[in-house]
Amino acid sequence: GLLDKSRSHFDAQRWMEVGKPVDATTVTGWLGRHLATVPPIQDTALLRGIGIGSGLARTLVGGPKTLPIADPSNYNVGGASNTRTARLAVLEGNYGAANEPLRTNALDAVNTIELLASLNFNGYVAQNGAVYPNTSFGRALRAVAVLIKSNIGLEAAQVDLGGWDTHSAQDPNAGSMFNTMSDFGNSLAAFWADVIAMSYPSTLVSVSEFGRNLRENGSNGTDHGRGTTLLA
């Protein structure tokens with residue numbers, strides 16, 4: 001039973017992100033394919049799509065100029081900070097005369113690092129009285145707001161929020177469900193006030209395949225079900 005549920009959850013997530021059910025030959029995501037088939041809103045854009053995380057969600061796979069970046073405010077090459085500038089210069093020098101596609105990919109990587117370093121993530125002041133929660137989800141949406149307002153040519157951003165597998169101690173008034181929903185709602189409210197209500201052209205879509213059963217189980221939680229919510 002547990003194996004079947006895990007497989008069902010995986011398949012639902014995969015189909016949702018691919019945008020096409022039961023097709024093992026499609027490996028790109030629906031949003032990645034969109035970016036690959038439309039011209040960029042800025043011809044010189046270095047970063048058209050971003051996934052705020054350590055790996056790129058399948059939704060964005062296949063998108064040009066699309067990267068997974070866990071923390072856009074601290075995107076750089078690893079290692080000692082006192083030699084970072086020199087090492088970037090070496091990379092730029094080594095690949096500046098390389099054959100394609102190495103040259104463009106390497107220079108894009110270096111230029112993206114420099115671009116994000118030039119943005120004022122840490123000193124950013126949200127508009128319209130918006131207050132982003134000091135959570136990973138709130139900080140991620142705040143970073144997306146900076147990228148949108150910086151007019152760098154970003155077209156798509158993806159952020160994950162976990163914590164929905166509420167098999168026990170769900171308690172929508174004070175427990176795990178309450179905490180996750182509060183983070184979700186307060187972060188979206190801040191993004192709405194800061195970006196959308198201030199007329200920055202944006203569409204925010206929230207979707208999950210993590211449906212829950214309406215019937216409470218014996219652990220004061222809910223098990224896997226088929227109902228869920230999509231917000232746009």
# chains A, B, ... in the order shown; residues from 1 in each chain; ligands from 1
call {"tool": "residues_around", "arguments": {"residues": "range 99-112 of chain A", "least_positions_apart": "5", "cutoff": "7 Å", "atoms": "only C-alpha atoms", "output": "PyMOL selection string"}}
result
chain A and resi 46+88+92
call {"tool": "select_by_dssp", "arguments": {"residues": "range 56-165 of chain A", "states": "strand (DSSP E or B)", "output": "JSON, numbers by chain"}}
result
{"A": [66, 67, 68, 156, 157, 158, 159]}
call {"tool": "closest_residue", "arguments": {"among": "A:Val90, A:Ala80, A:Val159, A:Ala97", "to": "Leu56 in chain A", "atoms": "only C-alpha atoms"}}
result
A:Val159
call {"tool": "residues_around", "arguments": {"residues": "Ala57 in chain A", "least_positions_apart": "2", "cutoff": "12 Å", "atoms": "only C-alpha atoms", "output": "ChimeraX atom specification"}}
result
/A:13-14,16-18,27-32,49-55,59-63,66-70,157-160
call {"tool": "atom_distance", "arguments": {"atom1": "CA of Asn220 in chain A", "atom2": "CA of Trp164 in chain A"}}
result
14.2 Å
call {"tool": "residues_around", "arguments": {"residues": "Ala189 in chain A", "least_positions_apart": "6", "cutoff": "12 Å", "atoms": "only C-alpha atoms", "output": "VMD selection string"}}
result
chain A and resid 128 to 133 138 141 to 142 181 to 183 195 to 197 204
call {"tool": "residues_around", "arguments": {"residues": "Gly225 in chain A", "least_positions_apart": "4", "cutoff": "7 Å", "atoms": "only C-alpha atoms", "output": "number ranges by chain"}}
result
A: 211-213
call {"tool": "closest_residue", "arguments": {"among": "A:Ser136, A:Asn179, A:Tyr75, A:His167", "to": "Arg215 in chain A", "atoms": "only C-alpha atoms"}}
result
A:His167
call {"tool": "closest_residue", "arguments": {"among": "A:Thr222, A:Pro72, A:Leu147, A:Tyr124", "to": "Ala169 in chain A", "atoms": "only C-alpha atoms"}}
result
A:Thr222
call {"tool": "residues_around", "arguments": {"residues": "Glu209 in chain A", "least_positions_apart": "2", "cutoff": "9 Å", "atoms": "only C-alpha atoms", "output": "PyMOL selection string"}}
result
chain A and resi 9+12-13+16+207+211+226-229
call {"tool": "write_last_selection", "arguments": {"atoms": "N, CA and C atoms", "output": "short mmCIF file (atom, residue, chain, number, x, y, z; two decimals), in the first residue's frame"}}
result
data_model
loop_
_atom_site.label_atom_id
_atom_site.label_comp_id
_atom_site.auth_asym_id
_atom_site.auth_seq_id
_atom_site.Cartn_x
_atom_site.Cartn_y
_atom_site.Cartn_z
N HIS A 9 1.90 9.29 -5.92
CA HIS A 9 2.33 10.67 -5.64
C HIS A 9 3.40 11.11 -6.62
N ALA A 12 1.84 11.63 -10.15
CA ALA A 12 1.02 12.84 -10.22
C ALA A 12 1.90 14.08 -10.31
N GLN A 13 2.98 14.09 -9.51
CA GLN A 13 3.89 15.24 -9.54
C GLN A 13 4.57 15.35 -10.90
N MET A 16 2.12 16.53 -13.62
CA MET A 16 1.78 17.93 -13.39
C MET A 16 2.89 18.84 -13.90
N VAL A 207 0.07 25.60 -7.31
CA VAL A 207 -0.56 24.31 -7.61
C VAL A 207 0.14 23.21 -6.81
N GLY A 211 -3.19 16.16 -2.64
CA GLY A 211 -4.55 16.14 -2.12
C GLY A 211 -4.63 15.40 -0.80
N ARG A 226 -7.73 12.85 -3.09
CA ARG A 226 -7.71 13.29 -4.49
C ARG A 226 -8.04 14.76 -4.67
N GLY A 227 -8.44 15.43 -3.63
CA GLY A 227 -8.81 16.84 -3.76
C GLY A 227 -7.65 17.76 -3.45
N THR A 228 -7.52 18.84 -4.23
CA THR A 228 -6.47 19.82 -3.97
C THR A 228 -6.95 21.17 -4.49
N THR A 229 -6.10 22.16 -4.47
CA THR A 229 -6.49 23.52 -4.84
C THR A 229 -5.46 24.13 -5.78
#
call {"tool": "select_by_dssp", "arguments": {"residues": "range 67-220 of chain A", "states": "alpha helix (DSSP H)", "output": "number ranges by chain"}}
result
A: 84-95, 102-117, 136-149, 176-191
call {"tool": "write_last_selection", "arguments": {"atoms": "C-alpha atoms", "output": "PDB file, in the first residue's frame"}}
result
ATOM      1  CA  ARG A  84      36.809  34.406  -5.728  1.00  0.00           C
ATOM      2  CA  THR A  85      37.269  37.401  -8.023  1.00  0.00           C
ATOM      3  CA  ALA A  86      40.606  36.063  -9.282  1.00  0.00           C
ATOM      4  CA  ARG A  87      39.143  32.598  -9.925  1.00  0.00           C
ATOM      5  CA  LEU A  88      36.228  34.092 -11.858  1.00  0.00           C
ATOM      6  CA  ALA A  89      38.714  36.038 -13.958  1.00  0.00           C
ATOM      7  CA  VAL A  90      40.605  32.811 -14.704  1.00  0.00           C
ATOM      8  CA  LEU A  91      37.385  31.082 -15.785  1.00  0.00           C
ATOM      9  CA  GLU A  92      36.466  34.011 -17.989  1.00  0.00           C
ATOM     10  CA  GLY A  93      39.937  34.079 -19.526  1.00  0.00           C
ATOM     11  CA  ASN A  94      40.099  30.337 -20.100  1.00  0.00           C
ATOM     12  CA  TYR A  95      36.737  30.079 -21.801  1.00  0.00           C
ATOM     13  CA  LEU A 102      31.547  26.172 -24.151  1.00  0.00           C
ATOM     14  CA  ARG A 103      32.351  29.847 -24.640  1.00  0.00           C
ATOM     15  CA  THR A 104      28.801  31.167 -24.389  1.00  0.00           C
ATOM     16  CA  ASN A 105      27.800  28.877 -21.533  1.00  0.00           C
ATOM     17  CA  ALA A 106      30.875  29.726 -19.479  1.00  0.00           C
ATOM     18  CA  LEU A 107      30.594  33.460 -20.056  1.00  0.00           C
ATOM     19  CA  ASP A 108      26.877  33.361 -19.291  1.00  0.00           C
ATOM     20  CA  ALA A 109      27.663  31.661 -15.987  1.00  0.00           C
ATOM     21  CA  VAL A 110      30.236  34.287 -15.024  1.00  0.00           C
ATOM     22  CA  ASN A 111      28.017  37.155 -16.159  1.00  0.00           C
ATOM     23  CA  THR A 112      25.037  35.760 -14.224  1.00  0.00           C
ATOM     24  CA  ILE A 113      27.136  35.680 -11.058  1.00  0.00           C
ATOM     25  CA  GLU A 114      28.136  39.292 -11.616  1.00  0.00           C
ATOM     26  CA  LEU A 115      24.560  40.299 -12.445  1.00  0.00           C
ATOM     27  CA  LEU A 116      23.083  38.833  -9.266  1.00  0.00           C
ATOM     28  CA  ALA A 117      25.916  40.300  -7.190  1.00  0.00           C
ATOM     29  CA  SER A 136      12.620  30.004   3.383  1.00  0.00           C
ATOM     30  CA  PHE A 137       9.415  30.462   1.367  1.00  0.00           C
ATOM     31  CA  GLY A 138       9.035  34.114   2.335  1.00  0.00           C
ATOM     32  CA  ARG A 139      12.682  34.861   1.563  1.00  0.00           C
ATOM     33  CA  ALA A 140      12.386  33.084  -1.795  1.00  0.00           C
ATOM     34  CA  LEU A 141       9.381  35.180  -2.850  1.00  0.00           C
ATOM     35  CA  ARG A 142      11.195  38.298  -1.659  1.00  0.00           C
ATOM     36  CA  ALA A 143      14.147  37.363  -3.899  1.00  0.00           C
ATOM     37  CA  VAL A 144      11.776  36.831  -6.833  1.00  0.00           C
ATOM     38  CA  ALA A 145      10.353  40.308  -6.188  1.00  0.00           C
ATOM     39  CA  VAL A 146      13.857  41.776  -6.398  1.00  0.00           C
ATOM     40  CA  LEU A 147      14.493  39.987  -9.693  1.00  0.00           C
ATOM     41  CA  ILE A 148      11.194  41.167 -11.175  1.00  0.00           C
ATOM     42  CA  LYS A 149      11.678  44.775 -10.151  1.00  0.00           C
ATOM     43  CA  SER A 176       1.543  21.711  11.459  1.00  0.00           C
ATOM     44  CA  MET A 177      -1.218  22.605   9.016  1.00  0.00           C
ATOM     45  CA  PHE A 178      -1.690  25.981  10.694  1.00  0.00           C
ATOM     46  CA  ASN A 179       2.026  26.785  10.541  1.00  0.00           C
ATOM     47  CA  THR A 180       2.408  25.791   6.888  1.00  0.00           C
ATOM     48  CA  MET A 181      -0.753  27.588   5.811  1.00  0.00           C
ATOM     49  CA  SER A 182       0.289  30.725   7.715  1.00  0.00           C
ATOM     50  CA  ASP A 183       3.661  30.756   5.987  1.00  0.00           C
ATOM     51  CA  PHE A 184       1.982  30.174   2.629  1.00  0.00           C
ATOM     52  CA  GLY A 185      -0.720  32.812   3.095  1.00  0.00           C
ATOM     53  CA  ASN A 186       1.465  35.507   4.638  1.00  0.00           C
ATOM     54  CA  SER A 187       4.170  35.080   1.992  1.00  0.00           C
ATOM     55  CA  LEU A 188       1.665  35.267  -0.870  1.00  0.00           C
ATOM     56  CA  ALA A 189       0.029  38.295   0.722  1.00  0.00           C
ATOM     57  CA  ALA A 190       3.383  40.074   0.898  1.00  0.00           C
ATOM     58  CA  PHE A 191       4.176  39.235  -2.736  1.00  0.00           C
TER      59      PHE A 191
END
call {"tool": "atom_distance", "arguments": {"atom1": "CA of Arg33 in chain A", "atom2": "CA of Lys20 in chain A"}}
result
11.8 Å
call {"tool": "closest_residue", "arguments": {"among": "A:Asp23, A:Glu155, A:Asp194, A:Asp171", "to": "Gly221 in chain A", "atoms": "only C-alpha atoms"}}
result
A:Asp171
